[in-house]
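Undergrad: Sharing a structure with you now.
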Amino acid sequence: MERDIDRKAFILGMMTAFAECVTNECKKLAFSPPFYPEDYDLIYREAERIAGEQGIHLWLEQNPDIPVGHRVQWFVMYKFPEVLNTYKELRERGSNPVWDLEVFYPLLSYGTAWGEGAEMVVPKYREERGTACTFARILLEPGDWPVPEK
C-alpha cells in the first residue's frame, strides 16, 4: 500500500466526487472506493456528513459473500430508494460487483454518455434538492465560495 497517501482523505475525496455525480443525477448510483472493515470507524461520520450535504443516502455493503481474509466493503451512494432496491435485488440473485461488475453497469450509469442516441437526451432533473458545498467547507475559508463577483 502507498504509505504516503492519507487513506481517509483518499476515500472521502472519491466519495465527494461521486456524491456530486449522484446528486446531479449523472449517475443513478455510485460506490465509495472499497475499504477494509476496520476503516469504517475512520470514515463513517464524515461520509454521512458528505451524503447529508449532497442530499443523497448511503448504504453500507458489508459483502458477507467475500472470504473474511479478503473482505472489503463500500458505501452505496444513491438518491432514490428504488435504485438501492434494484442494487439489493441484484445482490440477492448472487451478483457481486467484485466479480460481476457488468451486471451493475446500468445502475452505475456506465456507458451512457456515448451510448446510441445519447445526443438526443434532453437534460432534466428528476428532483432538485437543497445541498451544501462539501469542497468549500473543507478547502476554503467561509465567504470564499461562491466567489464574489468583481
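All residue names refer to the C-alpha cells as shown: chains lettered A, B, ... in order, residues numbered from 1 in each chain, ligands numbered from 1 in order.
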What residues in stretch 94-141 of chain A get the DSSP label alpha helix (DSSP H)? Please answer as JSON, numbers by chain.

TA: {"A": [97, 98, 99, 100, 105, 106, 107, 108, 134, 135, 136, 137, 138, 139]}

Undergrad: Let's have the selection written as a short mmCIF file (atom, residue, chain, number, x, y, z; two decimals), in the first residue's frame, with all heavy atoms.

TA:
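Wrote it out as part.cif, contents follow:
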```cif
data_model
loop_
_atom_site.label_atom_id
_atom_site.label_comp_id
_atom_site.auth_asym_id
_atom_site.auth_seq_id
_atom_site.Cartn_x
_atom_site.Cartn_y
_atom_site.Cartn_z
N PRO A 97 -20.51 -6.85 -7.32
CA PRO A 97 -19.69 -6.01 -8.21
C PRO A 97 -18.21 -6.41 -8.27
O PRO A 97 -17.53 -6.13 -9.25
CB PRO A 97 -19.86 -4.61 -7.62
CG PRO A 97 -21.17 -4.65 -6.93
CD PRO A 97 -21.28 -6.05 -6.37
N VAL A 98 -17.71 -7.06 -7.23
CA VAL A 98 -16.32 -7.50 -7.24
C VAL A 98 -16.05 -8.45 -8.40
O VAL A 98 -15.03 -8.37 -9.07
CB VAL A 98 -15.95 -8.17 -5.89
CG1 VAL A 98 -14.60 -8.86 -5.96
CG2 VAL A 98 -15.97 -7.15 -4.76
N TRP A 99 -17.01 -9.34 -8.67
CA TRP A 99 -16.82 -10.35 -9.70
C TRP A 99 -17.71 -10.15 -10.92
O TRP A 99 -17.42 -10.69 -11.99
CB TRP A 99 -17.10 -11.74 -9.12
CG TRP A 99 -16.21 -12.08 -7.96
CD1 TRP A 99 -14.85 -12.23 -7.99
CD2 TRP A 99 -16.61 -12.27 -6.61
NE1 TRP A 99 -14.38 -12.50 -6.72
CE2 TRP A 99 -15.44 -12.54 -5.86
CE3 TRP A 99 -17.83 -12.24 -5.96
CZ2 TRP A 99 -15.46 -12.79 -4.49
CZ3 TRP A 99 -17.86 -12.48 -4.59
CH2 TRP A 99 -16.68 -12.75 -3.88
N ASP A 100 -18.80 -9.42 -10.76
CA ASP A 100 -19.82 -9.30 -11.81
C ASP A 100 -20.16 -7.84 -12.11
O ASP A 100 -21.32 -7.47 -12.24
CB ASP A 100 -21.11 -10.01 -11.38
CG ASP A 100 -20.87 -11.40 -10.84
OD1 ASP A 100 -20.36 -12.23 -11.60
OD2 ASP A 100 -21.20 -11.65 -9.66
N TYR A 105 -23.64 -2.25 -14.44
CA TYR A 105 -23.40 -1.11 -15.33
C TYR A 105 -24.61 -0.18 -15.47
O TYR A 105 -24.45 1.04 -15.37
CB TYR A 105 -22.98 -1.57 -16.72
CG TYR A 105 -21.53 -2.00 -16.87
CD1 TYR A 105 -20.66 -2.06 -15.79
CD2 TYR A 105 -21.05 -2.34 -18.12
CE1 TYR A 105 -19.35 -2.47 -15.96
CE2 TYR A 105 -19.73 -2.74 -18.29
CZ TYR A 105 -18.88 -2.80 -17.21
OH TYR A 105 -17.58 -3.19 -17.39
N PRO A 106 -25.82 -0.70 -15.70
CA PRO A 106 -26.95 0.24 -15.84
C PRO A 106 -27.19 1.09 -14.59
O PRO A 106 -27.48 2.28 -14.70
CB PRO A 106 -28.15 -0.67 -16.12
CG PRO A 106 -27.55 -1.91 -16.72
CD PRO A 106 -26.23 -2.09 -16.01
N LEU A 107 -27.04 0.50 -13.41
CA LEU A 107 -27.22 1.28 -12.18
C LEU A 107 -26.12 2.30 -11.98
O LEU A 107 -26.34 3.38 -11.44
CB LEU A 107 -27.26 0.35 -10.96
CG LEU A 107 -28.54 -0.42 -10.75
CD1 LEU A 107 -28.40 -1.35 -9.56
CD2 LEU A 107 -29.71 0.52 -10.54
N LEU A 108 -24.91 1.95 -12.40
CA LEU A 108 -23.77 2.85 -12.26
C LEU A 108 -23.72 3.89 -13.38
O LEU A 108 -22.86 4.76 -13.38
CB LEU A 108 -22.47 2.03 -12.24
CG LEU A 108 -22.31 1.14 -11.02
CD1 LEU A 108 -21.22 0.10 -11.25
CD2 LEU A 108 -22.01 1.97 -9.78
N THR A 134 -19.61 20.70 -0.12
CA THR A 134 -18.64 19.93 0.66
C THR A 134 -17.22 20.43 0.44
O THR A 134 -16.47 20.65 1.39
CB THR A 134 -18.74 18.44 0.31
OG1 THR A 134 -20.07 18.00 0.58
CG2 THR A 134 -17.75 17.62 1.12
N PHE A 135 -16.82 20.64 -0.82
CA PHE A 135 -15.43 21.04 -1.05
C PHE A 135 -15.13 22.40 -0.43
O PHE A 135 -14.04 22.62 0.09
CB PHE A 135 -15.05 21.00 -2.54
CG PHE A 135 -15.55 22.15 -3.36
CD1 PHE A 135 -14.87 23.35 -3.39
CD2 PHE A 135 -16.70 22.03 -4.12
CE1 PHE A 135 -15.33 24.42 -4.15
CE2 PHE A 135 -17.17 23.07 -4.88
CZ PHE A 135 -16.47 24.29 -4.89
N ALA A 136 -16.08 23.33 -0.49
CA ALA A 136 -15.85 24.64 0.10
C ALA A 136 -15.70 24.55 1.62
O ALA A 136 -14.86 25.22 2.22
CB ALA A 136 -16.98 25.60 -0.26
N ARG A 137 -16.52 23.70 2.24
CA ARG A 137 -16.42 23.52 3.70
C ARG A 137 -15.03 23.04 4.10
O ARG A 137 -14.46 23.48 5.09
CB ARG A 137 -17.47 22.52 4.18
CG ARG A 137 -17.31 22.14 5.66
CD ARG A 137 -18.37 21.16 6.12
NE ARG A 137 -18.44 19.93 5.40
CZ ARG A 137 -17.70 18.84 5.66
NH1 ARG A 137 -16.77 18.87 6.59
NH2 ARG A 137 -17.87 17.73 4.96
N ILE A 138 -14.46 22.15 3.30
CA ILE A 138 -13.18 21.54 3.65
C ILE A 138 -11.99 22.38 3.20
O ILE A 138 -11.00 22.49 3.92
CB ILE A 138 -13.11 20.12 3.06
CG1 ILE A 138 -14.17 19.25 3.73
CG2 ILE A 138 -11.72 19.51 3.22
CD1 ILE A 138 -14.37 17.90 3.11
N LEU A 139 -12.06 22.97 2.02
CA LEU A 139 -10.89 23.59 1.42
C LEU A 139 -10.81 25.11 1.49
O LEU A 139 -9.72 25.66 1.35
CB LEU A 139 -10.79 23.18 -0.06
CG LEU A 139 -10.65 21.68 -0.33
CD1 LEU A 139 -10.69 21.42 -1.82
CD2 LEU A 139 -9.36 21.14 0.29
#
```

Undergrad: Counting only C-alpha atoms, what is within 7 Å of stretch 57-73 of chain A, bar same-chain residues fewer than 4 positions away, as a list in words?

TA: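 Near stretch 57-73 of chain A, the qualifying residues are Pro34, Phe35, Tyr36, Pro37, Ala51, Met77, Tyr78 and Lys79 of chain A.
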
Undergrad: DSSP on the backbone, then: every residue of chain A marked strand (DSSP E or B), written as a list in words.

TA: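 The strand (DSSP E or B) subset of chain A is Leu29, Ala30, Phe31, Phe35, His57, Leu58, Trp59, Leu60, Glu61, Gln73, Trp74, Phe75, Val76, Met77 and Tyr78 of chain A.
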
Undergrad: Tell me, in Å to one decimal, how far atom CA of A:Gly111 is from atom CA of A:Val22.

TA: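 Separation between atom CA of A:Gly111 and atom CA of A:Val22: 15.6 Å.
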
Undergrad: Would you list the contacts of A:Ala17 as a ChimeraX atom specification, taking every protein, DNA or RNA residue within 10 Å and counting only C-alpha atoms, but skipping same-chain residues closer than 3 positions in sequence?

TA: /A:12-14,20-22,30,32,134-135

Undergrad: Could you tell me how far atom CA of A:Glu25 lies from atom CA of A:Pro123, in Å and to one decimal?

TA: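 Distance between the two atoms: 9.7 Å.
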
Undergrad: Could you tell me how far atom CA of A:Asn85 sits from atom CA of A:Val121, in Å to one decimal place?

TA: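 Atom-to-atom, atom CA of A:Val121 to atom CA of A:Asn85, that is 25.3 Å.
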
Undergrad: Using only C-alpha atoms, which residues sit within 10 Å of A:Asn96 once same-chain residues fewer than 5 positions away are excluded, as a CSV table (one decimal) with C-alpha atoms, in the first residue's frame?

TA:
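Just written: out.csv:
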```
chain,number,residue,atom,x,y,z
A,63,ASN,CA,-20.0,-8.2,1.4
A,65,ASP,CA,-20.0,-13.4,0.3
A,66,ILE,CA,-16.3,-12.3,0.2
A,87,TYR,CA,-29.0,-3.0,-6.3
A,90,LEU,CA,-29.1,-8.0,-8.0
A,91,ARG,CA,-27.1,-8.9,-4.8
A,101,LEU,CA,-19.4,-5.6,-12.3
A,102,GLU,CA,-21.0,-5.6,-15.8
A,103,VAL,CA,-24.4,-6.6,-14.2
A,104,PHE,CA,-24.3,-3.3,-12.3
```

Undergrad: Which residue gives the smallest distance to A:Gln54 among A:Met120, A:Ala113, A:Cys133, A:Val76, with only C-alpha atoms counted?

TA: A:Cys133

Undergrad: So that I can check the surroundings of stretch 125-128 of chain A, please list as an mmCIF file with N, CA, C and O atoms, in the first residue's frame every protein, DNA and RNA residue that reaches within 10 Å of it, counting only C-alpha atoms and ignoring chain neighbours fewer than 6 positions away.

TA:
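File produced: around13.cif:
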```cif
data_model
loop_
_atom_site.group_PDB
_atom_site.id
_atom_site.type_symbol
_atom_site.label_atom_id
_atom_site.label_comp_id
_atom_site.auth_asym_id
_atom_site.auth_seq_id
_atom_site.Cartn_x
_atom_site.Cartn_y
_atom_site.Cartn_z
ATOM 1 N N THR A 23 -25.878 13.290 -6.850
ATOM 2 C CA THR A 23 -26.727 14.446 -6.544
ATOM 3 C C THR A 23 -27.268 15.093 -7.810
ATOM 4 O O THR A 23 -28.450 15.418 -7.897
ATOM 5 N N ASN A 24 -26.399 15.256 -8.795
ATOM 6 C CA ASN A 24 -26.779 15.934 -10.037
ATOM 7 C C ASN A 24 -27.292 14.971 -11.096
ATOM 8 O O ASN A 24 -27.422 15.337 -12.261
ATOM 9 N N GLU A 25 -27.584 13.740 -10.680
ATOM 10 C CA GLU A 25 -28.239 12.719 -11.492
ATOM 11 C C GLU A 25 -27.469 12.357 -12.763
ATOM 12 O O GLU A 25 -28.060 11.990 -13.772
ATOM 13 N N CYS A 26 -26.138 12.439 -12.675
ATOM 14 C CA CYS A 26 -25.284 11.917 -13.749
ATOM 15 C C CYS A 26 -25.092 10.414 -13.579
ATOM 16 O O CYS A 26 -24.753 9.728 -14.532
ATOM 17 N N GLY A 55 -27.458 15.724 -0.246
ATOM 18 C CA GLY A 55 -28.857 15.321 -0.400
ATOM 19 C C GLY A 55 -29.027 13.903 -0.920
ATOM 20 O O GLY A 55 -29.993 13.604 -1.619
ATOM 21 N N LYS A 79 -29.617 8.356 -4.606
ATOM 22 C CA LYS A 79 -30.536 9.470 -4.351
ATOM 23 C C LYS A 79 -31.971 8.971 -4.156
ATOM 24 O O LYS A 79 -32.711 9.518 -3.358
ATOM 25 N N PHE A 80 -32.339 7.920 -4.886
ATOM 26 C CA PHE A 80 -33.717 7.433 -4.868
ATOM 27 C C PHE A 80 -33.764 5.994 -4.362
ATOM 28 O O PHE A 80 -32.972 5.152 -4.793
#
```
